[in-house]
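Listing of coords00.cif; format and content: mmCIF, N, CA and C atoms.
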```cif
data_model
#
loop_
_atom_site.group_PDB
_atom_site.id
_atom_site.type_symbol
_atom_site.label_atom_id
_atom_site.label_comp_id
_atom_site.auth_asym_id
_atom_site.auth_seq_id
_atom_site.Cartn_x
_atom_site.Cartn_y
_atom_site.Cartn_z
ATOM 1 N N MET A 1 0.860 -1.179 0.000
ATOM 2 C CA MET A 1 0.000 0.000 0.000
ATOM 3 C C MET A 1 0.903 1.238 0.000
ATOM 4 N N ASP A 2 0.633 2.159 -0.885
ATOM 5 C CA ASP A 2 1.471 3.363 -0.940
ATOM 6 C C ASP A 2 1.074 4.349 0.158
ATOM 7 N N ILE A 3 1.911 5.330 0.388
ATOM 8 C CA ILE A 3 1.735 6.277 1.492
ATOM 9 C C ILE A 3 0.469 7.116 1.339
ATOM 10 N N VAL A 4 0.107 7.463 0.110
ATOM 11 C CA VAL A 4 -1.082 8.284 -0.118
ATOM 12 C C VAL A 4 -2.341 7.498 0.249
ATOM 13 N N THR A 5 -2.417 6.265 -0.184
ATOM 14 C CA THR A 5 -3.571 5.431 0.131
ATOM 15 C C THR A 5 -3.668 5.185 1.632
ATOM 16 N N GLU A 6 -2.539 4.900 2.255
ATOM 17 C CA GLU A 6 -2.528 4.664 3.697
ATOM 18 C C GLU A 6 -2.963 5.914 4.461
ATOM 19 N N THR A 7 -2.493 7.072 4.017
ATOM 20 C CA THR A 7 -2.869 8.333 4.660
ATOM 21 C C THR A 7 -4.366 8.586 4.515
ATOM 22 N N ARG A 8 -4.914 8.318 3.333
ATOM 23 C CA ARG A 8 -6.351 8.498 3.121
ATOM 24 C C ARG A 8 -7.168 7.577 4.017
ATOM 25 N N LEU A 9 -6.730 6.338 4.146
ATOM 26 C CA LEU A 9 -7.441 5.393 5.008
ATOM 27 C C LEU A 9 -7.376 5.815 6.478
ATOM 28 N N LEU A 10 -6.201 6.245 6.906
ATOM 29 C CA LEU A 10 -6.054 6.708 8.285
ATOM 30 C C LEU A 10 -6.885 7.958 8.550
ATOM 31 N N TYR A 11 -6.930 8.854 7.589
ATOM 32 C CA TYR A 11 -7.732 10.066 7.746
ATOM 33 C C TYR A 11 -9.217 9.722 7.824
ATOM 34 N N ALA A 12 -9.657 8.811 6.981
ATOM 35 C CA ALA A 12 -11.062 8.391 7.009
ATOM 36 C C ALA A 12 -11.408 7.771 8.357
ATOM 37 N N LYS A 13 -10.505 6.971 8.897
ATOM 38 C CA LYS A 13 -10.728 6.359 10.214
ATOM 39 C C LYS A 13 -10.763 7.427 11.294
ATOM 40 N N LEU A 14 -9.894 8.422 11.202
ATOM 41 C CA LEU A 14 -9.877 9.523 12.166
ATOM 42 C C LEU A 14 -11.192 10.293 12.137
ATOM 43 N N VAL A 15 -11.685 10.580 10.946
ATOM 44 C CA VAL A 15 -12.957 11.293 10.812
ATOM 45 C C VAL A 15 -14.097 10.462 11.407
ATOM 46 N N GLU A 16 -14.105 9.178 11.118
ATOM 47 C CA GLU A 16 -15.149 8.284 11.634
ATOM 48 C C GLU A 16 -15.119 8.222 13.165
ATOM 49 N N GLU A 17 -13.946 8.049 13.729
ATOM 50 C CA GLU A 17 -13.821 7.966 15.184
ATOM 51 C C GLU A 17 -14.140 9.300 15.847
ATOM 52 N N SER A 18 -13.784 10.400 15.197
ATOM 53 C CA SER A 18 -14.112 11.727 15.734
ATOM 54 C C SER A 18 -15.626 11.931 15.771
ATOM 55 N N GLN A 19 -16.315 11.473 14.751
ATOM 56 C CA GLN A 19 -17.767 11.577 14.717
ATOM 57 C C GLN A 19 -18.396 10.720 15.818
ATOM 58 N N THR A 20 -17.845 9.532 16.025
ATOM 59 C CA THR A 20 -18.333 8.662 17.098
ATOM 60 C C THR A 20 -18.147 9.332 18.455
ATOM 61 N N LEU A 21 -16.994 9.923 18.682
ATOM 62 C CA LEU A 21 -16.733 10.643 19.928
ATOM 63 C C LEU A 21 -17.697 11.806 20.086
ATOM 64 N N PHE A 22 -17.914 12.570 19.030
ATOM 65 C CA PHE A 22 -18.859 13.687 19.068
ATOM 66 C C PHE A 22 -20.254 13.210 19.443
ATOM 67 N N ASP A 23 -20.697 12.108 18.825
ATOM 68 C CA ASP A 23 -22.022 11.570 19.105
ATOM 69 C C ASP A 23 -22.167 11.156 20.565
ATOM 70 N N VAL A 24 -21.149 10.485 21.090
ATOM 71 C CA VAL A 24 -21.190 10.037 22.488
ATOM 72 C C VAL A 24 -21.195 11.237 23.430
ATOM 73 N N LEU A 25 -20.331 12.209 23.175
ATOM 74 C CA LEU A 25 -20.260 13.381 24.044
ATOM 75 C C LEU A 25 -21.518 14.238 23.958
ATOM 76 N N SER A 26 -22.147 14.261 22.796
ATOM 77 C CA SER A 26 -23.374 15.047 22.632
ATOM 78 C C SER A 26 -24.519 14.483 23.470
ATOM 79 N N GLN A 27 -24.488 13.184 23.711
ATOM 80 C CA GLN A 27 -25.554 12.536 24.476
ATOM 81 C C GLN A 27 -25.225 12.425 25.959
ATOM 82 N N ALA A 28 -23.996 12.709 26.334
ATOM 83 C CA ALA A 28 -23.577 12.573 27.726
ATOM 84 C C ALA A 28 -24.130 13.718 28.573
ATOM 85 N N GLU A 29 -24.419 13.401 29.812
ATOM 86 C CA GLU A 29 -24.890 14.420 30.745
ATOM 87 C C GLU A 29 -23.693 15.180 31.300
ATOM 88 N N CYS A 30 -23.802 16.484 31.318
ATOM 89 C CA CYS A 30 -22.732 17.321 31.860
ATOM 90 C C CYS A 30 -22.819 17.290 33.382
ATOM 91 N N VAL A 31 -21.797 16.775 34.021
ATOM 92 C CA VAL A 31 -21.785 16.673 35.475
ATOM 93 C C VAL A 31 -21.288 17.971 36.096
ATOM 94 N N ARG A 32 -20.283 18.566 35.463
ATOM 95 C CA ARG A 32 -19.716 19.809 35.986
ATOM 96 C C ARG A 32 -18.949 20.491 34.862
ATOM 97 N N HIS A 33 -18.942 21.804 34.876
ATOM 98 C CA HIS A 33 -18.127 22.542 33.920
ATOM 99 C C HIS A 33 -17.603 23.810 34.577
ATOM 100 N N ASP A 34 -16.463 24.255 34.138
ATOM 101 C CA ASP A 34 -15.861 25.492 34.615
ATOM 102 C C ASP A 34 -15.543 26.356 33.407
ATOM 103 N N CYS A 35 -15.763 27.642 33.520
ATOM 104 C CA CYS A 35 -15.474 28.565 32.426
ATOM 105 C C CYS A 35 -14.425 29.567 32.891
ATOM 106 N N PHE A 36 -13.523 29.881 32.009
ATOM 107 C CA PHE A 36 -12.470 30.847 32.305
ATOM 108 C C PHE A 36 -12.475 31.904 31.209
ATOM 109 N N ILE A 37 -12.381 33.152 31.603
ATOM 110 C CA ILE A 37 -12.313 34.241 30.634
ATOM 111 C C ILE A 37 -10.853 34.451 30.269
ATOM 112 N N LEU A 38 -10.561 34.368 28.982
ATOM 113 C CA LEU A 38 -9.201 34.566 28.513
ATOM 114 C C LEU A 38 -8.931 36.050 28.318
ATOM 115 N N PRO A 39 -7.713 36.492 28.578
ATOM 116 C CA PRO A 39 -7.403 37.907 28.379
ATOM 117 C C PRO A 39 -7.428 38.243 26.891
ATOM 118 N N PRO A 40 -7.769 39.490 26.563
ATOM 119 C CA PRO A 40 -7.799 39.877 25.148
ATOM 120 C C PRO A 40 -6.400 39.811 24.532
ATOM 121 N N THR A 41 -6.361 39.528 23.245
ATOM 122 C CA THR A 41 -5.093 39.439 22.521
ATOM 123 C C THR A 41 -5.148 40.351 21.313
ATOM 124 N N LEU A 42 -4.116 41.158 21.147
ATOM 125 C CA LEU A 42 -4.033 42.014 19.977
ATOM 126 C C LEU A 42 -3.628 41.174 18.776
ATOM 127 N N ALA A 43 -4.061 41.569 17.598
ATOM 128 C CA ALA A 43 -3.789 40.801 16.377
ATOM 129 C C ALA A 43 -2.292 40.599 16.157
ATOM 130 N N GLU A 44 -1.496 41.611 16.453
ATOM 131 C CA GLU A 44 -0.053 41.485 16.223
ATOM 132 C C GLU A 44 0.620 40.567 17.250
ATOM 133 N N GLN A 45 -0.048 40.277 18.353
ATOM 134 C CA GLN A 45 0.511 39.388 19.365
ATOM 135 C C GLN A 45 0.197 37.919 19.079
ATOM 136 N N GLU A 46 -0.692 37.640 18.135
ATOM 137 C CA GLU A 46 -1.101 36.266 17.875
ATOM 138 C C GLU A 46 0.049 35.401 17.407
ATOM 139 N N SER A 47 1.018 35.988 16.714
ATOM 140 C CA SER A 47 2.144 35.208 16.223
ATOM 141 C C SER A 47 3.340 35.266 17.170
ATOM 142 N N ALA A 48 3.200 35.978 18.272
ATOM 143 C CA ALA A 48 4.283 36.067 19.248
ATOM 144 C C ALA A 48 4.389 34.741 20.011
ATOM 145 N N THR A 49 5.400 34.634 20.826
ATOM 146 C CA THR A 49 5.580 33.403 21.602
ATOM 147 C C THR A 49 4.369 33.172 22.491
ATOM 148 N N ALA A 50 4.076 31.916 22.714
ATOM 149 C CA ALA A 50 2.893 31.531 23.486
ATOM 150 C C ALA A 50 3.075 31.900 24.955
ATOM 151 N N GLU A 51 1.987 32.329 25.569
ATOM 152 C CA GLU A 51 1.988 32.600 27.003
ATOM 153 C C GLU A 51 1.067 31.575 27.651
ATOM 154 N N PHE A 52 1.485 31.078 28.786
ATOM 155 C CA PHE A 52 0.665 30.124 29.501
ATOM 156 C C PHE A 52 -0.185 30.848 30.527
ATOM 157 N N ILE A 53 -1.449 30.514 30.538
ATOM 158 C CA ILE A 53 -2.400 31.138 31.449
ATOM 159 C C ILE A 53 -2.641 30.177 32.594
ATOM 160 N N PRO A 54 -2.301 30.561 33.828
ATOM 161 C CA PRO A 54 -2.529 29.651 34.950
ATOM 162 C C PRO A 54 -4.021 29.433 35.168
ATOM 163 N N VAL A 55 -4.371 28.199 35.418
ATOM 164 C CA VAL A 55 -5.782 27.849 35.653
ATOM 165 C C VAL A 55 -5.952 27.464 37.101
#
```

Please lay out the structure from this file as structure tokens.
Amino acid sequence: MDIVTETRLLYAKLVEESQTLFDVLSQAECVRHDCFILPPTLAEQESATAEFIPV
């Protein structure tokens, strides 16, 4: 099997499994959730080095 065919098969499997995960999570009951407000980012800072936000 050539690399292109193998990559296509793996991608198809990834898409299928991602859909299965989405379906399961969509039906799951949310037990708890936490929301965090992220600080605003200027457009020119988007390509700057990553900053870690403590949670």

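CA of Asp34 in chain A is found 14.5 Å from atom N of Pro54 in chain A.
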
Work out where the centre of an axis-aligned box around every listed atom of range 22-41 of chain A lies and how long its edges are once 4 Å is added on each side; give both in Å to one decimal as AutoDock Vina command-line options.
```
--center_x -15.3 --center_y 25.2 --center_z 27.5 --size_x 28.5 --size_y 38.3 --size_z 25.3
```

Report task. Between CA of Met1 in chain A and CA of Val15 in chain A, measure the distance and give it in Å to one decimal. Result -> 20.3 Å

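On the backbone of this structure, DSSP gives helix (DSSP H, G or I) within chain A to A:Ile3, A:Val4, A:Thr5, A:Glu6, A:Thr7, A:Arg8, A:Leu9, A:Leu10, A:Tyr11, A:Ala12, A:Lys13, A:Leu14, A:Val15, A:Glu16, A:Glu17, A:Ser18, A:Gln19, A:Thr20, A:Leu21, A:Phe22, A:Asp23, A:Val24, A:Leu25, A:Ser26, A:Gln27, A:Ala43, A:Glu44, A:Gln45.
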
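If you look at atom C of Cys35 in chain A and atom N of Phe52 in chain A, they are 16.5 Å away from each other.
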